[in-house]
Structure formats: structure tokens, C-alpha cells
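Enquirer: Input: one structure, supplied below.
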Amino acid sequence: MSRTFEVAPGDAVHPGDPVIVDRYTTGARINHWITAASLVLLALSGLALFHPRLFFLTSLFGGGSTTRMIHPWIGVVLFFSFLGLFFRFWKLNLWKREDGTWMARLRDVLTAHDEKLPEVGKYNAGQKLVFWLMSVLIIVLIASGLVIWQEYFAQYTTVEQKRIAVLVHAIAAIVIICVWIVHVYAAIWVRGTISAMTRGKVTGGWAWRHHRRWLKELVTGKT
Ligand code: HEM
């Protein structure tokens, strides 16, 4: 079957009752959960260093100095792990004309008036927005993080540049935690979505309801 625009390698439909649709390969799922675990650990270790009231969180990582030592390394894991996700998913997250329509009808999305929405490909506009926000924020976090990684890079920047980097790092961290909350909330709120990332499969009904254009292309092989 020739590749269509909305279909990723590994996506496939299995007829039956219910119809089952493969949405993520094992590799993609392992990649996703390494990314997810590293962001959670980064948030916990970062918050521990962010405010004295949250210092107790350092006990999760074996104390203050190990937290400070381990946090940037988890950041490096997140960066490369997300890079893997980025190369897997960027193409299907490119913005299309109908994504603007979907966004403009967000009220219908939230009230589940799906019939008023344009047919959605593999990802809807909300997922695409989350994807690009995560991509930009992770670049900002790694870049500002390297500037303030005293152990290896202290000599390359001035104190003023480090002060700005600390501020940028903290703001980007707060924003990405909010974006992460939206991502997890949406994954739970849209019933049947979690199995896409746990078992790699969704039902045909889920795909028909939420990602109809993806399903149609998958079945017909045509865009
Ligand atoms: C820890 C809690 C998390 C949960 C429960 C979760 C759940 C999910 C689920 C169910 C999907 C599949 C959605 C679909 O195919 O329609 C998904 C996709 C995805 N997740 Fe997560 N996720 C979590 C954390 C993260 C983190 C921390 C990141 C990145 C920093 C991330 C990045 C992605 C990306 C890039 C996709 C593919 C969707 C797209 O490209 O737009 N996830 N996640």
C-alpha cells in the first residue's frame, strides 16, 4: 500500500468485532514512556530546587546534592528521548487549514458536538499545538539549562547571562508542566485514548469518532 499523508508506518486496521486499529509501534511507545518518565522526574527534581518549601522532594533523589547533580542529566535524557518522538511524529503534526477550523470550534470539541467538527487526521489541532509547544519548550529548557550547568559550562557565559537563563529556565519549566497537565488530561478525558500508548491499539469506533480522516485513509489507502 502506498503511504498516504495521515498514515504512519505501522498503522493498520484489523477487521473484527470490534475493529482494532494499530496506532503506535512498540518502539514509539517505549520512546514515549521514557520521555514521559523523564519529564515527571525532571519536574519533581526541578521543583525541589526551585523553592525551599519544595526542598523535601530532594529526599526522592537521595538528598540535595544528588538532586542537583542528577537533574541536568535527566534533562539530557528528556532532550534526546523527545528528539526521537519529534522525528517520529513531526510530519503528522504539521498544521493544516482544517486545524484552524477545529480550533475555532473548540466549544463544540468541549461539548462533544463532534458532528460540527471537520474530519480529523491522525492528530487534532489541540494535539498538534501540544506537540509544537513541547518541542519549543524542550529546546528552551535544554539551551537555558546548559548555560546554568555549572559543573561543565560555568566558564562559557557571564553571570548576567546565567541570571537571565535561570529565569527563562524556570518560566519554560512552569509552562511545560501546564502543557503536560493538558496533555494528560486530554488523554484521560477522551475515553479509549490511553490504550493507544499502552497497548498501541485503539478501537475502530474510537478512530471513527475522533480521527476519521486517518481511519478512512488507512482503510482506502487514498488521501
Ligand atoms: C506521563 C503522562 C503521560 C501520559 C498519560 C501520556 C499519554 C499519551 C497518550 C495516551 C498518547 C496517545 C494520544 C493519541 O494518539 O491520540 C500520547 C501521545 C503523545 N505524547 Fe504523551 N503522555 C504522557 C506524557 C508525555 C510527555 C511528558 C511528553 C513529552 C514531553 C509526551 C509527548 C507525547 C507526544 C509527542 C505524543 C504523540 C502525539 C502527537 O504527536 O501530537 N507525552 N501521550
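Chain labels follow the order of the C-alpha cells: the first chain is A, the next B, and so on; residue numbering restarts at 1 in every chain, and ligands are counted from 1 in their shown order.
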Assign secondary structure with DSSP using the backbone only, and return the residues of stretch 2-211 of chain A in helix (DSSP H, G or I) as a PyMOL selection string.
Expert: chain A and resi 26-50+52-61+64-89+91-93+97-104+106-110+114-116+125-147+150-156+159-189+194-198+204-210
Enquirer: Set the distance at 10 Å and use only C-alpha atoms: which residues neighbour A:Ser38 once local chain neighbours fewer than 3 positions away are removed? I'd like the list as a list in words.
Expert: His32, Trp33, Ile34, Thr35, Leu41, Leu42, Ala43, Leu44, His71, Trp73, Ile74, Gly75, Val76, Val77, Leu78, Phe79, Ser81 and Phe82 of chain A
Enquirer: Export, as a tab-separated table (two decimals), in the first residue's frame, the selected residues with N, CA, C and O atoms.
Expert:
```
chain	number	residue	atom	x	y	z
A	32	HIS	N	7.99	6.98	23.92
A	32	HIS	CA	7.07	7.89	24.60
A	32	HIS	C	7.17	7.78	26.11
A	32	HIS	O	7.23	8.78	26.82
A	33	TRP	N	7.22	6.54	26.65
A	33	TRP	CA	7.19	6.40	28.10
A	33	TRP	C	8.52	6.76	28.75
A	33	TRP	O	8.53	7.22	29.90
A	34	ILE	N	9.62	6.62	28.01
A	34	ILE	CA	10.91	7.12	28.55
A	34	ILE	C	10.82	8.66	28.65
A	34	ILE	O	11.21	9.26	29.64
A	35	THR	N	10.26	9.27	27.61
A	35	THR	CA	10.09	10.73	27.61
A	35	THR	C	9.19	11.16	28.77
A	35	THR	O	9.51	12.11	29.50
A	41	LEU	N	10.21	13.03	36.35
A	41	LEU	CA	11.37	13.10	37.25
A	41	LEU	C	12.03	14.47	37.21
A	41	LEU	O	12.48	15.00	38.24
A	42	LEU	N	12.06	15.06	36.02
A	42	LEU	CA	12.64	16.41	35.89
A	42	LEU	C	11.82	17.43	36.65
A	42	LEU	O	12.38	18.31	37.32
A	43	ALA	N	10.51	17.32	36.53
A	43	ALA	CA	9.62	18.27	37.22
A	43	ALA	C	9.80	18.14	38.73
A	43	ALA	O	9.95	19.15	39.44
A	44	LEU	N	9.86	16.89	39.22
A	44	LEU	CA	10.00	16.70	40.67
A	44	LEU	C	11.35	17.21	41.17
A	44	LEU	O	11.42	17.93	42.16
A	71	HIS	N	19.58	16.13	38.15
A	71	HIS	CA	18.56	16.88	37.39
A	71	HIS	C	19.02	17.19	35.96
A	71	HIS	O	18.30	16.86	35.00
A	73	TRP	N	21.19	15.75	34.11
A	73	TRP	CA	21.36	14.52	33.31
A	73	TRP	C	20.02	13.96	32.86
A	73	TRP	O	19.89	13.46	31.74
A	74	ILE	N	19.01	14.07	33.74
A	74	ILE	CA	17.67	13.63	33.32
A	74	ILE	C	17.20	14.53	32.16
A	74	ILE	O	16.54	14.09	31.23
A	75	GLY	N	17.58	15.80	32.23
A	75	GLY	CA	17.25	16.75	31.16
A	75	GLY	C	17.85	16.30	29.83
A	75	GLY	O	17.20	16.40	28.78
A	76	VAL	N	19.08	15.80	29.87
A	76	VAL	CA	19.74	15.32	28.66
A	76	VAL	C	18.96	14.11	28.11
A	76	VAL	O	18.71	14.00	26.91
A	77	VAL	N	18.52	13.22	29.03
A	77	VAL	CA	17.73	12.05	28.59
A	77	VAL	C	16.44	12.53	27.94
A	77	VAL	O	16.05	12.07	26.86
A	78	LEU	N	15.75	13.49	28.60
A	78	LEU	CA	14.50	14.01	28.03
A	78	LEU	C	14.73	14.58	26.64
A	78	LEU	O	13.98	14.31	25.70
A	79	PHE	N	15.80	15.36	26.50
A	79	PHE	CA	16.06	16.02	25.23
A	79	PHE	C	16.20	14.99	24.10
A	79	PHE	O	15.53	15.07	23.07
A	81	SER	N	15.39	11.79	24.14
A	81	SER	CA	14.21	10.95	24.02
A	81	SER	C	13.12	11.70	23.24
A	81	SER	O	12.47	11.13	22.34
A	82	PHE	N	12.94	12.98	23.56
A	82	PHE	CA	11.92	13.75	22.83
A	82	PHE	C	12.32	13.93	21.37
A	82	PHE	O	11.46	13.94	20.48
```
Enquirer: One decimal, in Å: what's the spacing between atom CA of A:Thr67 and atom CA of A:Ile181?
Expert: 23.2 Å
Enquirer: Contacts of stretch 200-212 of chain A at 8 Å or less, counting only C-alpha atoms, minus same-chain residues fewer than 4 places along, as a VMD selection string?
Expert: chain A and resid 13 18 to 26 29 114 119 to 124 192 to 193 195 to 196 216
Enquirer: Select from stretch 2-206 of chain A everything DSSP, run on the backbone, classes as strand (DSSP E or B), then give the selection as a list in words.
Expert: Ala12, Val13, His14, Ile20, Val21, Asp22, Lys201, Val202 and Thr203 of chain A
Enquirer: Would you list the contacts of A:Thr111 as a PyMOL selection string, taking every protein, DNA or RNA residue within 12 Å and counting only C-alpha atoms, but skipping same-chain residues closer than 6 positions in sequence?
Expert: chain A and resi 105+117+190
Enquirer: Could you list, as a count of residues only, every residue within 12 Å of stretch 48-58 of chain A, counting only C-alpha atoms and ignoring same-chain residues fewer than 2 positions away?
Expert: 26
